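Text of target28.txt (compact mmCIF, C-alpha atoms) as supplied:
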```txt
# COMPACT_ATOMS: atom_id res chain seq x y z
CA MET A 246 -8.20 -27.22 -6.31
CA THR A 247 -11.70 -26.02 -5.62
CA ALA A 248 -12.55 -23.12 -3.39
CA MET A 249 -15.39 -21.43 -1.66
CA CYS A 250 -16.96 -18.69 -3.74
CA SER A 251 -16.36 -15.21 -2.48
CA GLN A 252 -15.96 -11.90 -4.22
CA LEU A 253 -14.42 -10.27 -1.21
CA SER A 254 -10.85 -10.30 -2.32
CA PHE A 255 -9.22 -7.37 -4.05
CA PHE A 256 -9.37 -4.70 -6.58
CA ILE A 257 -12.60 -3.77 -8.13
CA GLN A 258 -12.80 -0.99 -10.69
CA CYS A 259 -15.80 1.27 -10.41
CA SER A 260 -15.85 3.81 -13.23
CA SER A 261 -18.69 3.25 -15.71
CA ASN A 262 -16.42 4.07 -18.67
CA LYS A 263 -14.36 1.16 -20.06
CA ASN A 264 -11.47 3.46 -20.95
CA SER A 265 -11.45 5.37 -17.69
CA HIS A 266 -8.73 3.34 -15.88
CA GLN A 267 -6.80 5.78 -13.73
CA GLU A 268 -3.22 5.67 -12.57
CA PRO A 269 -3.14 5.24 -8.79
CA TYR A 270 -1.92 8.77 -8.16
CA ASN A 271 -3.91 10.72 -10.80
CA GLN A 272 -6.71 12.23 -8.74
CA LYS A 273 -8.35 15.36 -7.43
CA HIS A 274 -6.64 16.60 -4.27
CA HIS A 275 -8.23 17.66 -0.99
CA PHE A 276 -5.98 18.79 1.81
CA ALA A 277 -6.13 17.97 5.51
CA LYS A 278 -3.84 17.65 8.47
CA ILE A 279 -3.93 14.03 9.68
CA LYS A 280 -2.40 13.34 13.06
CA GLY A 281 0.47 10.87 12.89
CA THR A 282 1.19 11.26 9.16
CA LYS A 283 4.34 12.73 7.64
CA SER A 284 2.57 14.83 5.06
CA SER A 285 -0.41 17.13 5.45
CA ASN A 286 -1.42 16.65 1.81
CA MET A 287 -3.90 13.80 1.87
CA GLU A 288 -6.39 12.91 -0.83
CA ILE A 289 -9.69 12.58 1.00
CA LEU A 290 -12.80 10.68 0.02
CA SER A 291 -15.42 13.32 -0.68
CA GLN A 292 -19.17 13.21 -1.22
CA ASP A 293 -18.82 14.51 -4.78
CA HIS A 294 -20.89 12.59 -7.32
CA ASP A 295 -20.39 12.14 -11.03
CA PRO A 296 -22.70 14.75 -12.67
CA THR A 297 -23.31 12.47 -15.64
CA PHE A 298 -25.49 10.31 -13.41
CA HIS A 299 -28.08 13.11 -13.22
CA SER A 300 -28.94 12.64 -16.88
CA VAL A 301 -29.77 8.93 -16.53
CA ASN A 302 -32.90 7.76 -18.33
CA PRO A 303 -35.48 7.64 -15.52
CA VAL A 304 -36.59 4.03 -15.86
CA ALA A 305 -36.90 1.92 -12.73
CA GLU A 306 -33.61 0.04 -13.17
CA ASN A 307 -31.56 3.17 -13.81
CA LEU A 308 -33.21 5.02 -10.94
CA HIS A 309 -32.29 2.15 -8.64
CA PHE A 310 -28.71 2.27 -9.94
CA LEU A 311 -28.58 6.04 -9.37
CA GLU A 312 -29.83 5.71 -5.80
CA GLU A 313 -27.36 2.91 -5.07
CA HIS A 314 -24.49 4.93 -6.53
CA ILE A 315 -25.30 7.99 -4.41
CA ARG A 316 -25.82 6.02 -1.20
CA GLN A 317 -22.62 3.98 -1.56
CA ASN A 318 -20.46 6.82 -2.91
CA ILE A 319 -17.80 4.41 -4.21
CA PRO A 320 -14.73 6.43 -5.24
CA LYS A 321 -13.74 6.23 -8.91
CA ILE A 322 -10.10 7.20 -8.37
CA LYS A 323 -7.61 6.34 -5.65
CA GLN A 324 -8.03 8.21 -2.36
CA SER A 325 -5.45 8.41 0.42
CA PHE A 326 -7.80 8.94 3.36
CA ASP A 327 -11.35 7.89 4.14
CA PRO A 328 -12.78 10.15 6.89
CA TYR A 329 -15.81 7.91 7.37
CA ARG A 330 -13.92 4.65 7.99
CA LEU A 331 -10.77 6.36 9.35
CA GLY A 332 -8.71 4.49 6.75
CA MET A 333 -5.68 5.66 4.82
CA PHE A 334 -2.82 4.45 2.63
CA VAL A 335 0.63 4.10 4.20
CA ASN A 336 4.06 2.87 3.14
CA GLU A 337 4.21 4.63 -0.24
CA GLY A 338 0.50 4.20 -0.79
CA LEU A 339 0.47 0.42 -1.17
CA GLU A 340 -0.71 -0.66 2.30
CA TYR A 341 -4.06 0.21 3.83
CA ARG A 342 -4.43 1.15 7.50
CA GLN A 343 -7.62 1.55 9.47
CA ASN A 344 -8.53 2.18 13.11
CA VAL A 345 -11.49 0.25 14.52
CA VAL A 346 -13.22 0.44 17.90
CA ILE A 347 -14.27 -2.98 19.22
CA ARG A 348 -18.04 -2.96 19.73
CA SER A 349 -20.03 -4.76 22.42
CA ASN A 350 -21.64 -7.17 19.92
CA GLU A 351 -18.17 -8.33 18.81
CA VAL A 352 -17.09 -9.73 22.18
CA GLY A 353 -18.06 -13.00 23.84
CA PRO A 354 -18.71 -14.23 27.38
CA ASP A 355 -15.02 -13.86 28.33
CA LYS A 356 -15.19 -10.15 27.37
CA THR A 357 -12.76 -10.49 24.48
CA MET A 358 -13.36 -10.32 20.76
CA THR A 359 -14.64 -13.59 19.27
CA VAL A 360 -12.81 -15.44 16.51
CA GLU A 361 -15.78 -14.96 14.21
CA SER A 362 -15.71 -11.20 14.81
CA ILE A 363 -12.00 -11.08 14.02
CA LEU A 364 -12.57 -12.90 10.72
CA ASN A 365 -15.44 -10.57 9.83
CA LEU A 366 -13.19 -7.60 10.60
CA LEU A 367 -10.47 -8.95 8.29
CA GLN A 368 -13.01 -9.26 5.49
CA GLU A 369 -14.34 -5.75 6.08
CA THR A 370 -10.92 -4.08 6.10
CA ALA A 371 -10.01 -5.95 2.90
CA LEU A 372 -13.10 -4.50 1.23
CA ASN A 373 -12.34 -1.04 2.63
CA HIS A 374 -8.85 -1.32 1.14
CA VAL A 375 -10.38 -2.11 -2.24
CA TRP A 376 -12.88 0.70 -1.81
CA LEU A 377 -10.18 3.31 -1.34
CA THR A 378 -8.09 2.21 -4.34
CA GLY A 379 -10.61 3.64 -6.79
CA LEU A 380 -10.53 0.39 -8.75
CA MET A 381 -13.94 -0.84 -7.67
CA ARG A 382 -16.40 -1.38 -10.51
CA GLN A 383 -18.65 -4.09 -9.09
CA PHE A 384 -18.49 -5.89 -5.76
CA GLY A 385 -15.29 -7.93 -5.87
CA THR A 386 -14.33 -7.58 -9.53
CA THR A 387 -12.15 -5.34 -11.70
CA ALA A 388 -13.18 -4.15 -15.14
CA GLY A 389 -10.96 -6.82 -16.68
CA MET A 390 -12.54 -9.51 -14.52
CA ILE A 391 -16.00 -8.42 -15.60
CA ARG A 392 -14.99 -8.67 -19.25
CA ASN A 393 -13.66 -12.19 -18.64
CA ASN A 394 -16.58 -13.34 -16.40
CA LEU A 395 -14.23 -13.92 -13.48
CA ILE A 396 -14.66 -13.74 -9.72
CA TRP A 397 -12.28 -14.30 -6.80
CA VAL A 398 -12.35 -17.43 -4.65
CA VAL A 399 -10.38 -17.95 -1.45
CA SER A 400 -8.43 -21.19 -1.29
CA ARG A 401 -6.46 -20.90 1.97
CA MET A 402 -6.53 -18.75 5.07
CA GLN A 403 -4.56 -18.66 8.30
CA VAL A 404 -5.02 -16.45 11.35
CA GLN A 405 -2.80 -16.31 14.44
CA VAL A 406 -3.97 -14.58 17.63
CA ASP A 407 -1.48 -13.64 20.36
CA HIS A 408 -3.79 -11.35 22.36
CA TYR A 409 -7.52 -10.92 21.88
CA PRO A 410 -8.84 -7.36 21.54
CA ILE A 411 -11.19 -6.28 24.31
CA TRP A 412 -14.42 -4.31 24.29
CA GLY A 413 -13.88 -0.59 23.71
CA GLU A 414 -10.27 -1.02 22.57
CA VAL A 415 -9.09 0.84 19.47
CA ILE A 416 -7.11 -1.44 17.18
CA GLU A 417 -5.04 -0.53 14.15
CA ILE A 418 -5.25 -2.88 11.17
CA ASP A 419 -2.84 -2.96 8.22
CA THR A 420 -3.60 -4.96 5.08
CA TRP A 421 -1.88 -5.40 1.73
CA VAL A 422 -1.74 -7.75 -1.25
CA GLY A 423 0.93 -9.58 -3.23
CA SER A 424 1.41 -12.22 -5.87
CA SER A 425 0.86 -15.92 -5.16
CA GLY A 426 2.30 -18.02 -7.96
CA LYS A 427 1.46 -17.22 -11.58
CA ASN A 428 -2.29 -16.92 -11.23
CA GLY A 429 -3.02 -16.25 -7.58
CA MET A 430 -3.08 -13.37 -5.13
CA ARG A 431 -2.17 -13.17 -1.48
CA ARG A 432 -3.66 -10.86 1.15
CA ASP A 433 -2.15 -10.30 4.60
CA TRP A 434 -3.25 -8.46 7.74
CA LEU A 435 -1.61 -7.21 10.93
CA LEU A 436 -3.61 -6.09 13.99
CA ARG A 437 -2.11 -3.89 16.74
CA SER A 438 -3.39 -2.14 19.83
CA GLN A 439 -3.58 1.56 19.01
CA ALA A 440 -2.88 2.48 22.64
CA THR A 441 0.17 0.29 23.25
CA GLY A 442 1.42 -0.80 19.82
CA LEU A 443 1.21 -4.42 20.96
CA GLU A 444 0.77 -6.87 18.08
CA LEU A 445 -2.52 -8.67 18.65
CA ALA A 446 -3.04 -10.91 15.62
CA ARG A 447 -2.02 -11.51 12.03
CA GLY A 448 -3.52 -13.26 9.04
CA THR A 449 -2.82 -14.39 5.51
CA SER A 450 -4.96 -15.72 2.67
CA THR A 451 -4.56 -17.02 -0.88
CA TRP A 452 -7.00 -16.30 -3.71
CA ALA A 453 -7.60 -17.68 -7.20
CA MET A 454 -9.88 -16.73 -10.08
CA MET A 455 -12.94 -18.68 -11.13
CA ASN A 456 -15.26 -18.36 -14.12
CA LYS A 457 -18.61 -17.39 -12.65
CA HIS A 458 -20.52 -19.34 -15.33
CA THR A 459 -18.54 -22.60 -15.57
CA ARG A 460 -17.47 -22.51 -11.87
CA ARG A 461 -13.99 -23.65 -12.94
CA LEU A 462 -10.71 -22.09 -11.87
CA SER A 463 -9.08 -19.83 -14.44
CA LYS A 464 -5.70 -18.39 -15.28
CA MET A 465 -5.26 -14.70 -14.62
CA PRO A 466 -5.74 -12.83 -17.94
CA ASP A 467 -3.12 -10.27 -18.92
CA ASP A 468 -5.56 -7.35 -18.70
CA VAL A 469 -6.52 -8.31 -15.14
CA ARG A 470 -2.87 -8.71 -14.15
CA ALA A 471 -2.18 -5.23 -15.52
CA GLU A 472 -4.90 -3.82 -13.28
CA ILE A 473 -3.89 -5.36 -9.98
CA SER A 474 -0.15 -6.11 -10.17
CA PRO A 475 0.91 -2.45 -9.53
CA TRP A 476 -0.51 -2.92 -6.02
CA PHE A 477 1.45 -6.09 -5.21
CA ILE A 478 4.24 -5.90 -2.64
CA GLU A 479 6.68 -8.57 -1.45
CA LYS A 480 5.76 -8.79 2.21
CA GLN A 481 4.43 -11.81 4.09
CA GLU A 482 3.05 -11.64 7.62
CA ILE A 483 2.89 -15.44 7.96
CA GLU A 484 5.17 -17.80 6.10
CA GLU A 485 3.32 -20.32 3.95
CA SER A 486 3.29 -23.88 5.25
CA SER A 487 3.57 -26.87 2.93
CA ASN A 488 2.19 -29.30 5.52
CA GLU A 489 -1.00 -31.05 4.47
CA MET A 490 -3.87 -31.20 6.92
CA GLU A 491 -4.82 -34.54 8.36
CA LYS A 492 -7.92 -36.08 6.81
CA VAL A 493 -10.79 -36.50 9.25
CA ASN A 494 -13.63 -38.87 8.44
CA SER A 495 -16.55 -40.53 10.19
CA ASP A 496 -14.34 -43.46 11.21
CA ASN A 497 -11.66 -41.50 13.10
CA ALA A 498 -13.63 -38.41 14.22
CA SER A 499 -14.10 -37.97 17.96
CA TYR A 500 -16.89 -35.40 17.73
CA VAL A 501 -19.63 -34.97 15.11
CA ASN A 502 -22.23 -32.28 14.54
CA SER A 503 -24.74 -33.31 11.90
CA ASP A 504 -27.65 -31.86 9.92
CA LEU A 505 -26.16 -28.37 9.62
CA LYS A 506 -27.99 -26.19 7.14
CA ALA A 507 -27.55 -22.56 6.27
CA LYS A 508 -30.27 -20.10 7.14
CA ARG A 509 -31.00 -17.10 4.99
CA SER A 510 -29.05 -14.92 7.42
CA ASP A 511 -25.93 -17.07 6.80
CA LEU A 512 -25.76 -16.21 3.08
CA ASP A 513 -23.54 -13.54 1.55
CA MET A 514 -24.29 -11.22 -1.37
CA ASN A 515 -23.55 -14.06 -3.80
CA HIS A 516 -26.12 -16.34 -2.10
CA HIS A 517 -23.39 -18.62 -0.77
CA VAL A 518 -22.65 -19.47 2.83
CA ASN A 519 -20.28 -16.90 4.31
CA ASN A 520 -16.88 -18.40 5.12
CA VAL A 521 -17.10 -17.20 8.73
CA MET A 522 -20.13 -19.45 9.17
CA TYR A 523 -17.97 -22.45 8.25
CA VAL A 524 -15.61 -21.58 11.07
CA LYS A 525 -18.49 -21.20 13.52
CA TRP A 526 -19.84 -24.65 12.63
CA MET A 527 -16.40 -26.24 13.04
CA LEU A 528 -15.68 -24.61 16.40
CA GLU A 529 -19.08 -25.52 17.79
CA THR A 530 -18.23 -29.21 17.25
CA ILE A 531 -15.49 -28.98 19.91
CA PRO A 532 -16.72 -29.94 23.41
CA GLU A 533 -18.13 -27.03 25.42
CA ASP A 534 -15.99 -27.68 28.49
CA PHE A 535 -12.85 -27.38 26.36
CA LEU A 536 -14.00 -24.09 24.84
CA GLU A 537 -14.73 -22.69 28.31
CA ASN A 538 -11.09 -23.06 29.34
CA HIS A 539 -9.13 -22.53 26.12
CA GLN A 540 -8.56 -19.80 23.54
CA LEU A 541 -7.87 -20.25 19.86
CA SER A 542 -4.32 -19.18 19.00
CA ASP A 543 -4.05 -20.41 15.38
CA ILE A 544 -6.47 -21.52 12.69
CA SER A 545 -5.54 -22.75 9.21
CA ILE A 546 -8.32 -23.31 6.68
CA GLU A 547 -8.40 -24.94 3.25
CA TYR A 548 -11.50 -24.26 1.17
CA ARG A 549 -12.34 -27.13 -1.17
CA ARG A 550 -15.66 -26.25 -2.83
CA GLU A 551 -18.69 -24.01 -2.65
CA CYS A 552 -21.63 -24.57 -0.36
CA GLY A 553 -25.16 -23.59 -1.28
CA LYS A 554 -28.19 -22.92 0.88
CA SER A 555 -29.76 -26.30 0.08
CA ASP A 556 -26.74 -28.36 1.20
CA VAL A 557 -26.96 -30.31 4.47
CA LEU A 558 -23.54 -30.43 6.13
CA GLN A 559 -21.73 -32.43 8.77
CA SER A 560 -18.90 -31.12 10.95
CA LEU A 561 -16.28 -33.59 12.20
CA CYS A 562 -13.29 -32.97 14.46
CA LYS A 563 -10.52 -35.03 15.96
CA PRO A 564 -8.11 -33.96 18.72
CA GLN A 565 -4.40 -34.07 17.95
CA GLU A 566 -1.59 -35.06 20.30
CA ASN A 567 -0.67 -32.25 22.68
CA GLY A 568 2.58 -30.32 22.37
CA GLN A 569 4.37 -27.34 23.84
CA ILE A 570 5.15 -23.93 22.36
CA GLY A 571 7.51 -21.24 23.59
CA MET A 572 5.84 -18.00 24.70
CA ASN A 573 7.63 -15.10 26.40
CA GLY A 574 10.39 -17.44 27.50
CA ASN A 575 7.99 -19.99 28.96
CA GLN A 576 6.74 -23.33 27.66
CA VAL A 577 2.97 -23.28 27.19
CA LEU A 578 0.90 -26.40 26.64
CA GLN A 579 -1.07 -26.31 23.40
CA PHE A 580 -3.88 -28.43 22.07
CA SER A 581 -4.93 -28.98 18.46
CA TYR A 582 -7.95 -30.27 16.57
CA ASN A 583 -8.27 -31.35 12.96
CA HIS A 584 -11.58 -30.50 11.30
CA LEU A 585 -13.66 -31.44 8.29
CA LEU A 586 -16.85 -29.81 7.08
CA HIS A 587 -18.52 -31.79 4.30
CA ILE A 588 -21.83 -32.36 2.58
CA LYS A 589 -23.63 -35.12 4.40
CA ASN A 590 -23.86 -38.46 2.55
CA ASN A 591 -21.48 -37.27 -0.18
CA THR A 592 -18.20 -39.14 0.30
CA LYS A 593 -16.73 -38.59 -3.19
CA ASN A 594 -16.86 -34.84 -3.75
CA GLY A 595 -18.43 -33.46 -0.59
CA GLU A 596 -15.53 -31.76 1.19
CA ILE A 597 -16.25 -28.09 1.84
CA VAL A 598 -13.48 -27.15 4.27
CA ARG A 599 -10.52 -28.76 6.02
CA ALA A 600 -9.04 -26.94 8.99
CA LYS A 601 -6.65 -27.22 11.89
CA THR A 602 -7.10 -25.24 15.10
CA THR A 603 -4.51 -24.75 17.84
CA TRP A 604 -5.48 -23.69 21.35
CA LYS A 605 -3.91 -22.50 24.60
CA LYS A 606 -5.20 -22.21 28.14
CA LYS A 607 -7.20 -19.05 28.83
CA LEU A 608 -5.76 -16.40 31.09
CA ALA A 609 -7.81 -15.25 34.04
CA SER A 610 -10.95 -13.46 32.91
CA LEU A 611 -10.60 -9.73 32.44
CA SER A 612 -12.34 -7.66 35.10
CA LEU A 613 -14.36 -5.14 33.09
CA GLY A 614 -17.04 -3.03 34.66
CA HIS A 615 -20.69 -4.00 34.26
```
Any chance you could give the structure as structure tokens?
Amino acid sequence: MTAMCSQLSFFIQCSSNKNSHQEPYNQKHHFAKIKGTKSSNMEILSQDHDPTFHSVNPVAENLHFLEEHIRQNIPKIKQSFDPYRLGMFVNEGLEYRQNVVIRSNEVGPDKTMTVESILNLLQETALNHVWLTGLMRQFGTTAGMIRNNLIWVVSRMQVQVDHYPIWGEVIEIDTWVGSSGKNGMRRDWLLRSQATGLELARGTSTWAMMNKHTRRLSKMPDDVRAEISPWFIEKQEIEESSNEMEKVNSDNASYVNSDLKAKRSDLDMNHHVNNVMYVKWMLETIPEDFLENHQLSDISIEYRRECGKSDVLQSLCKPQENGQIGMNGNQVLQFSYNHLLHIKNNTKNGEIVRAKTTWKKKLASLSLGH
């Protein structure tokens, strides 16, 4: 199994001392009253900085590191509340919860949040979860992963949307992690309306480890497992499906979008195409008249390999036979597409992503003020 490179996933230790691993609850305490919490004793992310950084040798590289450290203010021990991101730990400190206001640039022509914005939000809250654990050392990696030259790669992802958030709405997002087999990790999300408590969407993803030099998948070393396993919980928001996705190729595809190439703005911090861009390319292959009248309700994605900025891609999709799903006691017609994103003219090892999308008819447009 090959997967798209991403260091977004989970715990990342950030102390500069190899032996400074902290227990999750050993930390300096700040006290605040947080509305809606059972206890008023909350550990709060402060703007305190490690004084040892002030004695850094003032060469250009170290000065840059010092400035980056101060500007990012990554916590070195677990916090329970982040006043800047309005995030906190809940459920015995193992789940992360954050409130987010939907911004105008995150909604589309139908005045609801776009699928791409939802996926970006899932990624951001995952990173914010990692941030607050105090385990961050470098972007996306624990101290043990750094020692073993390992990074995280996402292999599968699924998102289900019941109701799309709207502009100006405050949504509450929970996220947590668990074990996936012997060497993998699972991350789940749940999105609710803060005003009504209505469940809006949910997501799940599976991650594996890859050697950043050989680009091969790796077993999880014992020292890495010791770092992250205390944060695992047995809770799944979406049950895993064993169904394989239908293979789409140039012979059976109904719609094709060719000569896709990443721009500089499409690259992430690792100089690879961001996984949300893959989704955008796949959805744009679906006919425009269909997109005007339907909303995505489910997307399942399998990442097969990395994609670099020099790769020229082709997006293929094929409609699947219609079916019906039960919704609020009614039968709703649904439509599905199977997708393939692959490197153009590479038929042997060119698959980047396989996906399946399920759609339902749009409700009447929301009447928001201009």
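CA of Met455 (chain A) is found 5.4 Å from CA of Ile396 (chain A).
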Would you mind listing what lies within 9 Å of Leu585 (chain A) as a PyMOL selection string, with only C-alpha atoms counted and same-chain residues fewer than 6 positions away left out?
chain A and resi 492-494+527+559-562+596-601
Point to revise | Shell around region 363-376 of chain A at 10 Å using only C-alpha atoms, local window under 4 positions removed, as a PyMOL selection string | key: chain A and resi 252-259+318-324+327+330+332-334+339-345+347+351-352+358-359+380-382+384-386+404+406+409-410+418-422+432-436+446-449+519-521+524
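The closest residue to Gln439 (chain A), picked from A:Val346, A:Thr602, A:His539, A:Thr357 and counting only C-alpha atoms, is A:Val346.
Proximity ranking of A:Trp452, A:Ser438, A:Asn393, A:Tyr329 relative to Gln317 (chain A) places A:Tyr329 first, based on only C-alpha atoms.
Taking only C-alpha atoms into account, Ser362 (chain A) lies nearest to A:Met522 out of the set A:Met402, A:Met522, A:Leu377, A:Val469.
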Open item on the list: I want to know what sits within 12 Å of Arg550 (chain A), based on only C-alpha atoms, with residues of the same chain fewer than 2 positions away left out; could you give that as a PyMOL selection string?
Closed with: chain A and resi 246-251+398-401+455+460-462+517-518+520+523+547-548+552-553+556+586-588+594-599
From the list A:Ser425, A:Ser325, A:Ser545, A:Ser499, the nearest residue to Gln405 (chain A) using all atoms listed in the file is A:Ser545
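With CA of Asn394 (chain A) on one side and CA of Gly338 (chain A) on the other, the separation reads 29.0 Å.
Closest to Tyr500 (chain A) among A:Met390, A:Leu528, A:Met430, A:Val557 is A:Leu528, based on all atoms listed in the file.
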Across A:Lys563, A:Lys457, A:Arg392, A:Arg431, the smallest distance to Thr530 (chain A), with all atoms listed in the file counted, is shown by A:Lys563
note - CA of Glu479 (chain A) and CA of Gly426 (chain A) are separated by 12.3 Å
Report, as JSON, the axis-aligned box around all atoms of region 418-422 of chain A present in the file, extended by 6 Å on each side; give centre and edge lengths in Å to one decimal place.
```
{"center_x": -3.5, "center_y": -5.3, "center_z": 5.0, "size_x": 15.5, "size_y": 16.9, "size_z": 24.4}
```
